[in-house]
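> I am attaching a structure below and will ask some questions about it afterwards.
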Amino acid sequence: MQRVILIVAVLVTAGYLWLRGGFVGVLAQDHQERPPAAAGAGPTAIATFAAGCFWCVESDFDKVPGVVSTTSGYTGGRVANPTYEQVSHGGTGHAEAVEIVYDPAKVSFEQLLDHFWKNVDPLTINRQFCDVGDQYRPAIFVHDEAQRLAAEGSKTRVQQRFKQPVVVEIVAAGPFFKAEGYHQDYYKKNPVQYRYYRWSCGRDARLKQLWGKPSESSR
């Protein structure tokens, strides 16, 4: 029995390291800067959220009706065109984030904010679930004053729910650098690995502890 427990522990540790770092430097195409887009331009709008692992954030928001597309990337940092290896090691100032293109006629920014809060740990700074570092800080990157006011209002309402301070940053959106191709839609391309990562990271267990029930997006 002890041997079985040891083997399982080794596999869990190896699996996590493989999932989060095993592909560094592979398939690094389609990696470029995206300048901040105006939130109200054209028939669609832009929202940018950081809530830990961008694989999970993509998965969570792709299930929202009215979301046109999601893109994993890096924003809020000091280094131009950063790589996953640079960001994951820390020191660039970037956060793993997701740029969301949505149809305002079908889903409002306020509704996206509500979904964001139910899929983030708002009480933990420079960490989300098992991922540690300022690259995993929770943040709302706003594209205009209307988004800022909406984000600040929603944060105030969320704070009323908790005794601990809500540490989610609300900052102006800056250059967004699209992540390497293998990160895009990771949960679709690698469903078994993704589900294992999400479970082993304790994401949904923590969300249930915070919000009282599992996120529908994780089912």
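Identifiers in this document derive from the order of the structure tokens: chains are assigned A, B, ..., residues are numbered from 1 separately in each chain, and ligands are numbered from 1 in order of occurrence.
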I'd like the contact shell of Gly90 in chain A - 10 Å cut-off, only C-alpha atoms, skipping same-chain residues fewer than 6 positions apart - returned as a PyMOL selection string.
chain A and resi 84+132-136
> Go ahead and write the selection's residues with C-alpha atoms as a compact mmCIF listing (two decimals), in the first residue's frame.

```
# COMPACT_ATOMS: atom_id res chain seq x y z
CA TYR A 84 5.88 31.68 -21.83
CA VAL A 132 2.16 30.95 -7.50
CA GLY A 133 3.78 34.22 -8.60
CA ASP A 134 2.78 37.70 -9.71
CA GLN A 135 2.21 36.27 -13.19
CA TYR A 136 -0.87 34.60 -11.69
```
> For CA of Phe109 in chain A and CA of Pro82 in chain A, quote the distance in Å rounded to one decimal.
28.1 Å
> Using only C-alpha atoms, determine which residues lie at most 8 Å from Val107 in chain A, disregarding the query and same-chain residues fewer than 5 positions distant; provide the list as a VMD selection string.
chain A and resid 65 to 67 102 112
> Would you put the residues from that selection into a file with N, CA and C atoms, as a short mmCIF file (atom, residue, chain, number, x, y, z; two decimals), in the first residue's frame?

```cif
data_model
loop_
_atom_site.label_atom_id
_atom_site.label_comp_id
_atom_site.auth_asym_id
_atom_site.auth_seq_id
_atom_site.Cartn_x
_atom_site.Cartn_y
_atom_site.Cartn_z
N PRO A 65 -22.67 32.47 -23.35
CA PRO A 65 -23.34 32.92 -24.58
C PRO A 65 -23.03 34.39 -24.85
N GLY A 66 -22.70 34.69 -26.08
CA GLY A 66 -22.35 36.05 -26.44
C GLY A 66 -20.86 36.29 -26.56
N VAL A 67 -20.04 35.35 -26.03
CA VAL A 67 -18.59 35.45 -26.18
C VAL A 67 -18.23 34.93 -27.57
N TYR A 102 -16.48 39.91 -27.31
CA TYR A 102 -17.87 39.55 -27.03
C TYR A 102 -18.84 40.47 -27.78
N LEU A 112 -20.20 39.67 -17.81
CA LEU A 112 -18.87 39.06 -17.86
C LEU A 112 -18.15 39.22 -16.52
#
```
> Taking the chain letters and numbering used in this document, name the residues of range 40-176 of chain A that DSSP puts in strand (DSSP E), as a ChimeraX atom specification.
/A:45-50,67-75,95-102,127-128,131-132,139-142,169-172,176
> Deliver the residues from the most recent selection as a file, using C-alpha atoms, as a PDB file, in the first residue's frame.

```pdb
ATOM      1  CA  ALA A  45     -16.213  44.663 -27.636  1.00  0.00           C
ATOM      2  CA  ILE A  46     -13.117  43.578 -25.713  1.00  0.00           C
ATOM      3  CA  ALA A  47     -12.727  42.464 -22.096  1.00  0.00           C
ATOM      4  CA  THR A  48      -9.465  41.279 -20.533  1.00  0.00           C
ATOM      5  CA  PHE A  49      -9.285  39.222 -17.350  1.00  0.00           C
ATOM      6  CA  ALA A  50      -6.548  37.489 -15.373  1.00  0.00           C
ATOM      7  CA  VAL A  67     -18.591  35.450 -26.183  1.00  0.00           C
ATOM      8  CA  VAL A  68     -17.208  35.431 -29.725  1.00  0.00           C
ATOM      9  CA  SER A  69     -13.621  34.354 -29.004  1.00  0.00           C
ATOM     10  CA  THR A  70     -11.023  34.017 -26.258  1.00  0.00           C
ATOM     11  CA  THR A  71      -7.255  34.389 -26.620  1.00  0.00           C
ATOM     12  CA  SER A  72      -4.637  33.446 -24.046  1.00  0.00           C
ATOM     13  CA  GLY A  73      -1.764  35.872 -23.615  1.00  0.00           C
ATOM     14  CA  TYR A  74       0.366  38.100 -21.429  1.00  0.00           C
ATOM     15  CA  THR A  75      -0.289  41.683 -20.365  1.00  0.00           C
ATOM     16  CA  ALA A  95       0.067  38.335 -15.908  1.00  0.00           C
ATOM     17  CA  GLU A  96      -1.348  35.332 -17.695  1.00  0.00           C
ATOM     18  CA  ALA A  97      -4.572  36.783 -19.066  1.00  0.00           C
ATOM     19  CA  VAL A  98      -7.330  36.169 -21.571  1.00  0.00           C
ATOM     20  CA  GLU A  99      -8.590  38.671 -24.124  1.00  0.00           C
ATOM     21  CA  ILE A 100     -12.316  38.161 -24.677  1.00  0.00           C
ATOM     22  CA  VAL A 101     -14.153  39.384 -27.751  1.00  0.00           C
ATOM     23  CA  TYR A 102     -17.873  39.545 -27.034  1.00  0.00           C
ATOM     24  CA  ARG A 127      -1.422  33.325  -6.612  1.00  0.00           C
ATOM     25  CA  GLN A 128      -4.396  31.488  -8.032  1.00  0.00           C
ATOM     26  CA  ASP A 131      -0.041  28.506  -9.409  1.00  0.00           C
ATOM     27  CA  VAL A 132       2.162  30.952  -7.496  1.00  0.00           C
ATOM     28  CA  ALA A 139      -6.820  41.365 -12.357  1.00  0.00           C
ATOM     29  CA  ILE A 140      -9.376  43.162 -14.485  1.00  0.00           C
ATOM     30  CA  PHE A 141      -7.747  45.115 -17.316  1.00  0.00           C
ATOM     31  CA  VAL A 142     -10.203  47.836 -18.328  1.00  0.00           C
ATOM     32  CA  GLU A 169      -6.442  44.670  -9.376  1.00  0.00           C
ATOM     33  CA  ILE A 170      -8.373  47.003 -11.657  1.00  0.00           C
ATOM     34  CA  VAL A 171      -5.903  48.561 -14.087  1.00  0.00           C
ATOM     35  CA  ALA A 172      -5.888  50.123 -17.525  1.00  0.00           C
ATOM     36  CA  PHE A 176      -1.608  42.296 -25.025  1.00  0.00           C
TER      37      PHE A 176
END
```
> Pick out the residues sitting within 9 Å of Gly91 in chain A, and hand them over as JSON, numbers by chain; count only C-alpha atoms, and ignore anything fewer than 3 positions along from it in its own chain.
{"A": [77, 78, 86, 87, 88, 94, 134, 135]}
